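Colleague: Take a look at run-v1.json, JSON, C-alpha atoms:
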```
[["chain", "number", "residue", "atom", "x", "y", "z"],
["A", 1, "MET", "CA", -62.65, 31.89, -131.05],
["A", 2, "THR", "CA", -65.47, 32.73, -128.67],
["A", 3, "THR", "CA", -64.79, 31.82, -125.07],
["A", 4, "SER", "CA", -68.18, 30.27, -124.28],
["A", 5, "VAL", "CA", -71.82, 29.98, -125.14],
["A", 6, "GLU", "CA", -73.97, 30.90, -122.17],
["A", 7, "ASN", "CA", -77.00, 28.86, -121.23],
["A", 8, "THR", "CA", -77.69, 30.54, -117.88],
["A", 9, "LEU", "CA", -79.51, 33.83, -118.34],
["A", 10, "PRO", "CA", -78.37, 36.70, -116.05],
["A", 11, "SER", "CA", -80.58, 39.19, -114.27],
["A", 12, "TYR", "CA", -80.43, 42.77, -115.52],
["A", 13, "ASP", "CA", -78.34, 43.86, -112.51],
["A", 14, "ASN", "CA", -75.80, 41.11, -113.22],
["A", 15, "LEU", "CA", -75.22, 41.66, -116.92],
["A", 16, "PRO", "CA", -71.58, 41.19, -117.97],
["A", 17, "ASP", "CA", -69.47, 44.25, -118.78],
["A", 18, "ALA", "CA", -69.55, 43.13, -122.41],
["A", 19, "CYS", "CA", -71.22, 40.26, -124.20],
["A", 20, "ALA", "CA", -72.44, 39.20, -127.61],
["A", 21, "ILE", "CA", -76.05, 38.28, -128.35],
["A", 22, "SER", "CA", -77.07, 36.04, -131.23],
["A", 23, "LEU", "CA", -80.23, 37.61, -132.63],
["A", 24, "ALA", "CA", -81.65, 34.44, -134.11],
["A", 25, "GLU", "CA", -85.21, 35.80, -133.86],
["A", 26, "TYR", "CA", -84.41, 39.15, -135.47],
["A", 27, "GLY", "CA", -84.74, 40.15, -139.09],
["A", 28, "ALA", "CA", -85.80, 42.92, -141.44],
["A", 29, "ILE", "CA", -88.16, 43.91, -144.21],
["A", 30, "ALA", "CA", -86.18, 45.35, -147.13],
["A", 31, "LEU", "CA", -87.45, 47.97, -149.57],
["A", 32, "HIS", "CA", -85.48, 49.01, -152.62],
["A", 33, "GLY", "CA", -86.32, 50.72, -155.88],
["A", 34, "ALA", "CA", -86.81, 54.19, -157.32],
["A", 35, "GLU", "CA", -89.83, 54.93, -155.12],
["A", 36, "GLN", "CA", -88.81, 53.14, -151.92],
["A", 37, "SER", "CA", -88.78, 56.31, -149.78],
["A", 38, "LYS", "CA", -91.90, 57.84, -151.32],
["A", 39, "TYR", "CA", -93.83, 54.62, -150.88],
["A", 40, "LEU", "CA", -92.69, 53.93, -147.30],
["A", 41, "GLN", "CA", -93.48, 57.52, -146.31],
["A", 42, "GLY", "CA", -97.17, 56.81, -146.90],
["A", 43, "GLN", "CA", -97.13, 53.58, -144.90],
["A", 44, "VAL", "CA", -95.39, 54.19, -141.55],
["A", 45, "THR", "CA", -95.58, 56.57, -138.59],
["A", 46, "CYS", "CA", -92.07, 58.08, -138.84],
["A", 47, "ASP", "CA", -90.92, 60.71, -141.34],
["A", 48, "VAL", "CA", -88.97, 58.63, -143.86],
["A", 49, "ASN", "CA", -87.88, 61.80, -145.67],
["A", 50, "THR", "CA", -85.50, 62.52, -142.78],
["A", 51, "LEU", "CA", -83.68, 59.21, -143.14],
["A", 52, "ALA", "CA", -80.01, 59.39, -144.14],
["A", 53, "ASP", "CA", -77.24, 56.82, -144.47],
["A", 54, "ASP", "CA", -75.85, 57.65, -141.02],
["A", 55, "ASN", "CA", -79.02, 57.92, -138.93],
["A", 56, "LEU", "CA", -81.89, 55.70, -137.88],
["A", 57, "LEU", "CA", -85.58, 56.22, -137.25],
["A", 58, "LEU", "CA", -87.98, 54.48, -134.90],
["A", 59, "GLY", "CA", -91.47, 53.85, -136.17],
["A", 60, "GLY", "CA", -94.53, 51.70, -136.46],
["A", 61, "HIS", "CA", -96.45, 50.17, -139.35],
["A", 62, "CYS", "CA", -100.20, 50.25, -138.84],
["A", 63, "ASP", "CA", -103.18, 48.74, -140.57],
["A", 64, "ALA", "CA", -106.01, 50.90, -141.90],
["A", 65, "LYS", "CA", -107.62, 51.01, -138.45],
["A", 66, "GLY", "CA", -104.45, 52.37, -136.87],
["A", 67, "LYS", "CA", -103.52, 49.12, -135.10],
["A", 68, "VAL", "CA", -99.79, 48.36, -135.02],
["A", 69, "LEU", "CA", -98.53, 45.53, -137.20],
["A", 70, "SER", "CA", -94.87, 46.07, -136.34],
["A", 71, "VAL", "CA", -92.49, 48.35, -134.47],
["A", 72, "PHE", "CA", -89.13, 48.80, -136.16],
["A", 73, "ARG", "CA", -85.82, 50.60, -136.38],
["A", 74, "LEU", "CA", -85.37, 51.97, -139.89],
["A", 75, "ILE", "CA", -81.91, 52.26, -141.46],
["A", 76, "ASN", "CA", -80.31, 52.43, -144.89],
["A", 77, "ARG", "CA", -77.95, 49.65, -145.94],
["A", 78, "GLN", "CA", -76.49, 49.56, -149.42],
["A", 79, "GLN", "CA", -79.23, 51.81, -150.86],
["A", 80, "THR", "CA", -81.93, 49.64, -149.31],
["A", 81, "HIS", "CA", -84.34, 50.59, -146.53],
["A", 82, "LEU", "CA", -84.30, 48.00, -143.74],
["A", 83, "LEU", "CA", -87.08, 47.84, -141.17],
["A", 84, "LEU", "CA", -85.27, 46.00, -138.37],
["A", 85, "GLN", "CA", -87.59, 44.04, -136.07],
["A", 86, "PRO", "CA", -88.29, 40.66, -134.46],
["A", 87, "THR", "CA", -89.20, 38.03, -137.03],
["A", 88, "ALA", "CA", -92.45, 37.47, -135.11],
["A", 89, "SER", "CA", -93.90, 40.72, -136.46],
["A", 90, "ILE", "CA", -92.57, 40.51, -140.02],
["A", 91, "SER", "CA", -95.18, 38.25, -141.61],
["A", 92, "LYS", "CA", -98.32, 40.40, -141.31],
["A", 93, "SER", "CA", -96.43, 43.64, -141.89],
["A", 94, "LEU", "CA", -94.84, 42.27, -145.04],
["A", 95, "VAL", "CA", -98.20, 41.17, -146.45],
["A", 96, "GLU", "CA", -99.70, 44.62, -145.91],
["A", 97, "LEU", "CA", -96.70, 46.46, -147.36],
["A", 98, "LYS", "CA", -96.72, 44.27, -150.45],
["A", 99, "LYS", "CA", -100.47, 44.74, -150.90],
["A", 100, "PHE", "CA", -100.07, 48.43, -151.69],
["A", 101, "GLY", "CA", -96.52, 48.18, -153.07],
["A", 102, "VAL", "CA", -97.74, 46.82, -156.41],
["A", 103, "PHE", "CA", -98.64, 50.39, -157.38],
["A", 104, "ALA", "CA", -95.12, 51.77, -156.81],
["A", 105, "LYS", "CA", -91.64, 51.23, -158.21],
["A", 106, "VAL", "CA", -90.45, 49.32, -155.18],
["A", 107, "THR", "CA", -89.45, 45.76, -154.30],
["A", 108, "ILE", "CA", -90.47, 44.59, -150.84],
["A", 109, "GLU", "CA", -89.16, 41.39, -149.29],
["A", 110, "GLN", "CA", -87.87, 39.84, -146.10],
["A", 111, "THR", "CA", -84.09, 39.87, -145.94],
["A", 112, "ALA", "CA", -82.32, 36.59, -146.59],
["A", 113, "GLY", "CA", -78.67, 35.80, -145.93],
["A", 114, "LEU", "CA", -78.09, 38.56, -143.39],
["A", 115, "ALA", "CA", -77.16, 37.75, -139.82],
["A", 116, "PHE", "CA", -77.86, 39.99, -136.83],
["A", 117, "TYR", "CA", -75.76, 40.15, -133.67],
["A", 118, "ALA", "CA", -75.53, 42.59, -130.79],
["A", 119, "VAL", "CA", -72.63, 43.59, -128.58],
["A", 120, "ALA", "CA", -73.86, 45.02, -125.28],
["A", 121, "GLY", "CA", -72.57, 46.17, -121.92],
["A", 122, "LYS", "CA", -70.74, 49.10, -120.36],
["A", 123, "ASN", "CA", -67.50, 48.06, -122.09],
["A", 124, "ALA", "CA", -69.10, 47.38, -125.49],
["A", 125, "THR", "CA", -67.42, 50.38, -127.13],
["A", 126, "GLU", "CA", -63.95, 49.29, -126.05],
["A", 127, "VAL", "CA", -64.61, 45.77, -127.33],
["A", 128, "LEU", "CA", -65.69, 46.97, -130.76],
["A", 129, "HIS", "CA", -62.60, 49.16, -131.06],
["A", 130, "GLN", "CA", -60.59, 45.93, -131.13],
["A", 131, "GLN", "CA", -61.71, 45.53, -134.75],
["A", 132, "PHE", "CA", -63.15, 48.89, -135.81],
["A", 133, "VAL", "CA", -61.26, 52.20, -135.65],
["A", 134, "GLU", "CA", -64.39, 54.26, -136.15],
["A", 135, "LEU", "CA", -67.74, 53.52, -134.52],
["A", 136, "PRO", "CA", -71.22, 55.02, -134.73],
["A", 137, "ASN", "CA", -72.51, 57.17, -131.86],
["A", 138, "SER", "CA", -75.63, 58.97, -130.69],
["A", 139, "LEU", "CA", -75.22, 61.71, -133.34],
["A", 140, "THR", "CA", -74.44, 59.38, -136.24],
["A", 141, "PRO", "CA", -75.82, 56.00, -135.12],
["A", 142, "VAL", "CA", -75.29, 54.08, -138.37],
["A", 143, "LEU", "CA", -71.90, 53.34, -139.90],
["A", 144, "GLN", "CA", -70.99, 51.20, -142.90],
["A", 145, "VAL", "CA", -67.55, 49.54, -142.71],
["A", 146, "GLY", "CA", -66.99, 47.51, -145.87],
["A", 147, "SER", "CA", -69.92, 45.11, -146.03],
["A", 148, "THR", "CA", -70.65, 45.45, -142.30],
["A", 149, "THR", "CA", -73.35, 47.73, -140.94],
["A", 150, "ILE", "CA", -72.83, 48.84, -137.33],
["A", 151, "VAL", "CA", -75.76, 50.46, -135.53],
["A", 152, "TYR", "CA", -75.46, 52.25, -132.19],
["A", 153, "LEU", "CA", -78.58, 52.09, -130.01],
["A", 154, "ALA", "CA", -78.72, 54.81, -127.38],
["A", 155, "GLY", "CA", -80.20, 53.91, -123.99],
["A", 156, "LYS", "CA", -79.47, 52.93, -120.41],
["A", 157, "LEU", "CA", -77.13, 50.19, -121.64],
["A", 158, "LYS", "CA", -74.62, 50.52, -124.48],
["A", 159, "ARG", "CA", -75.63, 48.41, -127.46],
["A", 160, "TYR", "CA", -74.40, 47.94, -131.01],
["A", 161, "LEU", "CA", -75.98, 45.91, -133.78],
["A", 162, "ILE", "CA", -73.67, 44.07, -136.19],
["A", 163, "ILE", "CA", -75.33, 43.29, -139.55],
["A", 164, "ASP", "CA", -73.65, 41.41, -142.40],
["A", 165, "GLU", "CA", -73.75, 38.19, -144.36],
["A", 166, "ALA", "CA", -73.82, 35.27, -141.96],
["A", 167, "LYS", "CA", -70.23, 34.04, -142.36],
["A", 168, "ILE", "CA", -68.74, 37.51, -142.05],
["A", 169, "ALA", "CA", -70.85, 38.47, -139.04],
["A", 170, "GLU", "CA", -70.04, 35.19, -137.29],
["A", 171, "LYS", "CA", -66.32, 35.78, -137.86],
["A", 172, "ILE", "CA", -66.53, 39.30, -136.43],
["A", 173, "ILE", "CA", -68.30, 38.11, -133.30],
["A", 174, "SER", "CA", -65.98, 35.12, -132.91],
["A", 175, "ASP", "CA", -62.90, 37.34, -133.00],
["A", 176, "PHE", "CA", -64.17, 39.39, -130.06],
["A", 177, "SER", "CA", -63.83, 36.28, -127.84],
["A", 178, "LEU", "CA", -66.94, 37.24, -125.91],
["A", 179, "ALA", "CA", -69.47, 35.01, -124.22],
["A", 180, "ILE", "CA", -72.45, 34.67, -126.56],
["A", 181, "TYR", "CA", -75.96, 34.76, -125.15],
["A", 182, "PRO", "CA", -79.19, 33.66, -126.84],
["A", 183, "HIS", "CA", -81.81, 36.04, -128.20],
["A", 184, "ALA", "CA", -83.67, 36.11, -124.88],
["A", 185, "LEU", "CA", -81.07, 38.49, -123.45],
["A", 186, "TRP", "CA", -81.95, 41.01, -126.17],
["A", 187, "ASN", "CA", -85.55, 40.86, -124.99],
["A", 188, "LEU", "CA", -84.44, 41.61, -121.44],
["A", 189, "ILE", "CA", -82.66, 44.77, -122.60],
["A", 190, "GLU", "CA", -85.57, 45.85, -124.80],
["A", 191, "ILE", "CA", -87.97, 45.38, -121.88],
["A", 192, "ASN", "CA", -85.83, 47.58, -119.63],
["A", 193, "GLU", "CA", -85.42, 50.18, -122.37],
["A", 194, "GLY", "CA", -89.19, 50.32, -122.86],
["A", 195, "PHE", "CA", -89.01, 49.37, -126.52],
["A", 196, "PRO", "CA", -92.15, 47.48, -127.66],
["A", 197, "LEU", "CA", -91.89, 43.77, -128.41],
["A", 198, "LEU", "CA", -94.76, 42.39, -130.47],
["A", 199, "ALA", "CA", -95.59, 38.70, -130.75],
["A", 200, "PRO", "CA", -98.03, 37.15, -133.24],
["A", 201, "GLU", "CA", -100.66, 37.19, -130.47],
["A", 202, "THR", "CA", -100.36, 40.96, -129.97],
["A", 203, "VAL", "CA", -99.93, 42.18, -133.56],
["A", 204, "SER", "CA", -102.86, 44.43, -134.61],
["A", 205, "SER", "CA", -103.96, 44.85, -130.98],
["A", 206, "TYR", "CA", -102.77, 48.36, -130.12],
["A", 207, "VAL", "CA", -102.58, 51.85, -131.56],
["A", 208, "PRO", "CA", -99.04, 53.34, -131.52],
["A", 209, "GLN", "CA", -99.55, 55.49, -128.41],
["A", 210, "MET", "CA", -100.48, 52.41, -126.38],
["A", 211, "LEU", "CA", -96.95, 51.17, -127.16],
["A", 212, "ASN", "CA", -95.35, 54.54, -126.24],
["A", 213, "LEU", "CA", -94.25, 55.27, -129.81],
["A", 214, "GLN", "CA", -94.92, 58.97, -129.29],
["A", 215, "ALA", "CA", -92.63, 58.93, -126.23],
["A", 216, "ILE", "CA", -89.70, 57.32, -128.09],
["A", 217, "HIS", "CA", -90.08, 59.69, -131.06],
["A", 218, "GLY", "CA", -91.53, 57.01, -133.31],
["A", 219, "ILE", "CA", -94.44, 59.12, -134.59],
["A", 220, "SER", "CA", -94.30, 62.25, -136.75],
["A", 221, "PHE", "CA", -97.40, 64.40, -136.33],
["A", 222, "THR", "CA", -96.36, 66.76, -139.14],
["A", 223, "LYS", "CA", -95.41, 64.41, -142.00],
["A", 224, "GLY", "CA", -98.85, 64.12, -143.54],
["A", 225, "CYS", "CA", -100.97, 61.12, -144.40],
["A", 226, "TYR", "CA", -100.04, 57.48, -143.88],
["A", 227, "LEU", "CA", -101.97, 54.27, -143.29],
["A", 228, "GLY", "CA", -103.84, 54.53, -139.97],
["A", 229, "GLN", "CA", -102.91, 58.22, -139.52],
["A", 230, "GLU", "CA", -106.46, 59.37, -138.69],
["A", 231, "THR", "CA", -106.67, 57.04, -135.69],
["A", 232, "VAL", "CA", -103.21, 58.03, -134.46],
["A", 233, "ALA", "CA", -104.03, 61.75, -134.73],
["A", 234, "ARG", "CA", -107.37, 61.32, -132.98],
["A", 235, "MET", "CA", -105.71, 59.52, -130.09],
["A", 236, "GLN", "CA", -103.13, 62.28, -129.78],
["A", 237, "TYR", "CA", -105.24, 65.40, -130.08],
["A", 238, "LEU", "CA", -108.53, 64.27, -128.55],
["A", 239, "GLY", "CA", -106.92, 62.55, -125.57],
["A", 240, "LYS", "CA", -108.66, 59.25, -126.26],
["A", 241, "ASN", "CA", -105.72, 56.99, -125.40],
["A", 242, "LYS", "CA", -105.89, 55.62, -121.87],
["A", 243, "ARG", "CA", -103.25, 52.89, -122.08],
["A", 244, "ALA", "CA", -99.46, 52.75, -122.17],
["A", 245, "LEU", "CA", -96.56, 50.31, -122.20],
["A", 246, "PHE", "CA", -94.82, 49.53, -118.91],
["A", 247, "SER", "CA", -91.90, 47.44, -117.65],
["A", 248, "LEU", "CA", -92.47, 45.25, -114.60],
["A", 249, "LYS", "CA", -90.34, 43.07, -112.40],
["A", 250, "SER", "CA", -91.03, 40.23, -109.98],
["A", 251, "PRO", "CA", -88.99, 37.76, -107.98],
["A", 252, "SER", "CA", -90.00, 34.15, -108.37],
["A", 253, "ALA", "CA", -92.82, 33.19, -106.03],
["A", 254, "ASN", "CA", -91.85, 30.37, -103.68],
["A", 255, "ASN", "CA", -89.43, 29.12, -106.36],
["A", 256, "GLU", "CA", -92.43, 28.52, -108.63],
["A", 257, "LEU", "CA", -91.41, 28.88, -112.27],
["A", 258, "ILE", "CA", -94.28, 30.29, -114.30],
["A", 259, "THR", "CA", -94.65, 29.69, -118.02],
["A", 260, "LEU", "CA", -95.67, 32.97, -119.65],
["A", 261, "GLN", "CA", -96.78, 33.91, -123.14],
["A", 262, "ALA", "CA", -97.82, 37.07, -124.92],
["A", 263, "GLY", "CA", -101.44, 37.90, -124.23],
["A", 264, "ASP", "CA", -101.47, 36.64, -120.64],
["A", 265, "ILE", "CA", -103.50, 38.85, -118.31],
["A", 266, "ILE", "CA", -102.05, 41.14, -115.65],
["A", 267, "GLU", "CA", -104.41, 41.79, -112.72],
["A", 268, "GLN", "CA", -104.61, 44.63, -110.20],
["A", 269, "GLN", "CA", -106.05, 44.55, -106.70],
["A", 270, "LEU", "CA", -109.18, 46.62, -106.08],
["A", 271, "GLY", "CA", -110.15, 46.27, -102.45],
["A", 272, "GLU", "CA", -110.43, 42.56, -101.74],
["A", 273, "ASN", "CA", -110.89, 41.69, -105.40],
["A", 274, "TRP", "CA", -108.63, 41.38, -108.43],
["A", 275, "ARG", "CA", -109.54, 42.81, -111.82],
["A", 276, "LYS", "CA", -107.84, 42.86, -115.21],
["A", 277, "ALA", "CA", -105.21, 45.60, -115.46],
["A", 278, "GLY", "CA", -103.73, 44.82, -118.85],
["A", 279, "ASP", "CA", -102.01, 42.32, -121.11],
["A", 280, "LEU", "CA", -98.53, 40.85, -121.31],
["A", 281, "LEU", "CA", -96.41, 41.62, -124.38],
["A", 282, "ALA", "CA", -93.09, 39.96, -123.55],
["A", 283, "SER", "CA", -91.23, 38.30, -120.70],
["A", 284, "TYR", "CA", -87.77, 37.18, -119.58],
["A", 285, "ILE", "CA", -86.85, 34.92, -116.69],
["A", 286, "SER", "CA", -83.29, 35.07, -115.36],
["A", 287, "GLY", "CA", -81.45, 32.01, -114.15],
["A", 288, "ASP", "CA", -81.96, 33.08, -110.55],
["A", 289, "GLY", "CA", -85.71, 33.32, -111.02],
["A", 290, "ILE", "CA", -86.32, 37.04, -111.52],
["A", 291, "TYR", "CA", -89.14, 37.89, -113.92],
["A", 292, "TYR", "CA", -88.98, 40.90, -116.24],
["A", 293, "LEU", "CA", -92.22, 41.70, -118.03],
["A", 294, "GLN", "CA", -93.49, 44.15, -120.62],
["A", 295, "ALA", "CA", -97.21, 44.88, -120.54],
["A", 296, "VAL", "CA", -99.83, 47.36, -121.70],
["A", 297, "LEU", "CA", -101.71, 48.80, -118.71],
["A", 298, "ALA", "CA", -103.83, 51.84, -117.90],
["A", 299, "SER", "CA", -101.64, 54.89, -118.49],
["A", 300, "ASP", "CA", -102.51, 56.38, -115.08],
["A", 301, "ILE", "CA", -101.71, 53.27, -113.06],
["A", 302, "ASP", "CA", -100.23, 54.03, -109.66],
["A", 303, "SER", "CA", -96.81, 52.65, -108.72],
["A", 304, "THR", "CA", -98.30, 51.48, -105.41],
["A", 305, "THR", "CA", -100.95, 49.32, -107.12],
["A", 306, "ASN", "CA", -100.70, 45.64, -106.30],
["A", 307, "LEU", "CA", -100.25, 43.68, -109.53],
["A", 308, "ARG", "CA", -100.01, 39.99, -110.33],
["A", 309, "ILE", "CA", -100.21, 37.52, -113.20],
["A", 310, "LYS", "CA", -103.67, 36.01, -113.49],
["A", 311, "ASN", "CA", -103.95, 32.50, -111.99],
["A", 312, "HIS", "CA", -100.66, 32.97, -110.12],
["A", 313, "GLU", "CA", -101.62, 34.44, -106.75],
["A", 314, "ASN", "CA", -98.05, 34.74, -105.45],
["A", 315, "SER", "CA", -96.68, 36.63, -108.44],
["A", 316, "ALA", "CA", -96.19, 40.11, -106.96],
["A", 317, "LEU", "CA", -95.24, 42.58, -109.72],
["A", 318, "SER", "CA", -93.72, 46.03, -109.37],
["A", 319, "LEU", "CA", -93.36, 48.76, -112.00],
["A", 320, "VAL", "CA", -89.86, 49.55, -113.27],
["A", 321, "GLU", "CA", -89.17, 53.18, -114.15],
["A", 322, "LEU", "CA", -88.95, 53.73, -117.89],
["A", 323, "PRO", "CA", -85.95, 55.66, -119.33],
["A", 324, "TYR", "CA", -88.33, 58.20, -120.87],
["A", 325, "LYS", "CA", -91.48, 60.11, -119.95],
["A", 326, "LEU", "CA", -94.89, 59.26, -121.33],
["A", 327, "VAL", "CA", -95.53, 62.35, -123.44],
["A", 328, "GLU", "CA", -99.09, 62.86, -124.65]]
```
Once you've parsed the file, please lay out its structure as structure tokens.
Modeller:
Amino acid sequence: MTTSVENTLPSYDNLPDACAISLAEYGAIALHGAEQSKYLQGQVTCDVNTLADDNLLLGGHCDAKGKVLSVFRLINRQQTHLLLQPTASISKSLVELKKFGVFAKVTIEQTAGLAFYAVAGKNATEVLHQQFVELPNSLTPVLQVGSTTIVYLAGKLKRYLIIDEAKIAEKIISDFSLAIYPHALWNLIEINEGFPLLAPETVSSYVPQMLNLQAIHGISFTKGCYLGQETVARMQYLGKNKRALFSLKSPSANNELITLQAGDIIEQQLGENWRKAGDLLASYISGDGIYYLQAVLASDIDSTTNLRIKNHENSALSLVELPYKLVE
């Protein structure tokens, strides 16, 4: 049985050596049918033709204007394409995919019955070897073991996704005897990895480059046409994009706990005045009052710029170095 269920959220520097995360706010859009790959290839930013059973792709799904509806990790599971993503971004993306899917031999639906867990931490690999002889890695990041799909996510912190029917996945996680954290801890890791987190308030607000999709290899510029492709190409080759995704950090101000939500404004100091610098995408507050934020700001923002959350004068923010370079 699991040893405990954690209610106190740790700071990033105090993450346990290994823990489980219940991804209650995570899900997937499933595509299956004779034309699933052909259809999806014309809808998303990544090159679906390069997908295999043992690899994964990062990508975005845009509307006709090139605004991002969802950011996903794409894998195969039991001959079905799964676009793994927070449930918050599934609704609008699903509607748009179904709208054009009626003309193809493909079934498109939100997954039901699957559970999603993560095992994370520097000792995550050793923990998983307690039950699995073979594990995925950076070269072959997806592995199917019986009915269980294991996905390795490369980054600063070791992470594995465990995907299976709810009862089986729960049994696997229980047998590890790890402390289980709520979904918020996943958001903390995603923020520090620089992986975009969209909420209903920020869906259809940004083109892919504003979310750094080109920097995390989530856009193919050679695959050909897809929905929103003209806008994405124009941003890339004409240098029109002036915004990017950043990670920020702040200690609590005078022990004041601030309630944050997607779409809140980040301000920068210009002389004696404060002006809008960008918008908040996601946030995490540790039990000891440290704030971790993800925001879209001007791409050339200086690390010495004074930043704060609008209407919270004591909220001093600092930029956190991303694990990748912003490639234009």
Colleague: When you look at Gly287 (chain A) with a cut-off of 6 Å (counting all atoms listed in the file), what residues show up, excluding the ones that are within fewer than 6 positions of it in the same chain? I need them as a list in words.
Modeller: Thr8, Leu9 and Pro10 of chain A
Colleague: Give me the residues within 12 Å of Asn14 (chain A) as an MDAnalysis selection string, counting all atoms listed in the file and dropping any in the same chain fewer than 2 places off.
Modeller: chainID A and resid 8:12 16:19 121:122 185 188 286:288 290
Colleague: Which residues, written as a list in words, have at least one atom at most 7 Å from region 314-320 of chain A, with only C-alpha atoms counted and residues fewer than 3 positions away on the same chain left out?
Modeller: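 The neighbour list is Ser247, Leu248, Lys249, Ser250, Ala253, Ser303, Leu307, Arg308 and Ile309 of chain A.
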Colleague: Quick one: everything within 10 Å of Cys225 (chain A), counting all atoms listed in the file, minus sequence neighbours fewer than 6 positions away in the same chain. Send it as JSON, numbers by chain.
Modeller: {"A": [41, 42, 43, 44, 45]}
Colleague: Print the selection's residues with C-alpha atoms to a file, as a PDB file, keeping the file's coordinate frame.
Modeller:
```
ATOM      1  CA  GLN A  41     -93.480  57.520-146.310  1.00  0.00           C
ATOM      2  CA  GLY A  42     -97.170  56.810-146.900  1.00  0.00           C
ATOM      3  CA  GLN A  43     -97.130  53.580-144.900  1.00  0.00           C
ATOM      4  CA  VAL A  44     -95.390  54.190-141.550  1.00  0.00           C
ATOM      5  CA  THR A  45     -95.580  56.570-138.590  1.00  0.00           C
TER       6      THR A  45
END
```
Colleague: So which one's closest to Asn192 (chain A), A:Ala298, A:Ala24, A:Leu157, A:Val207? Using all atoms listed in the file, please.
Modeller: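 Among A:Ala298, A:Ala24, A:Leu157, A:Val207, it is A:Leu157 that comes nearest to Asn192 (chain A).
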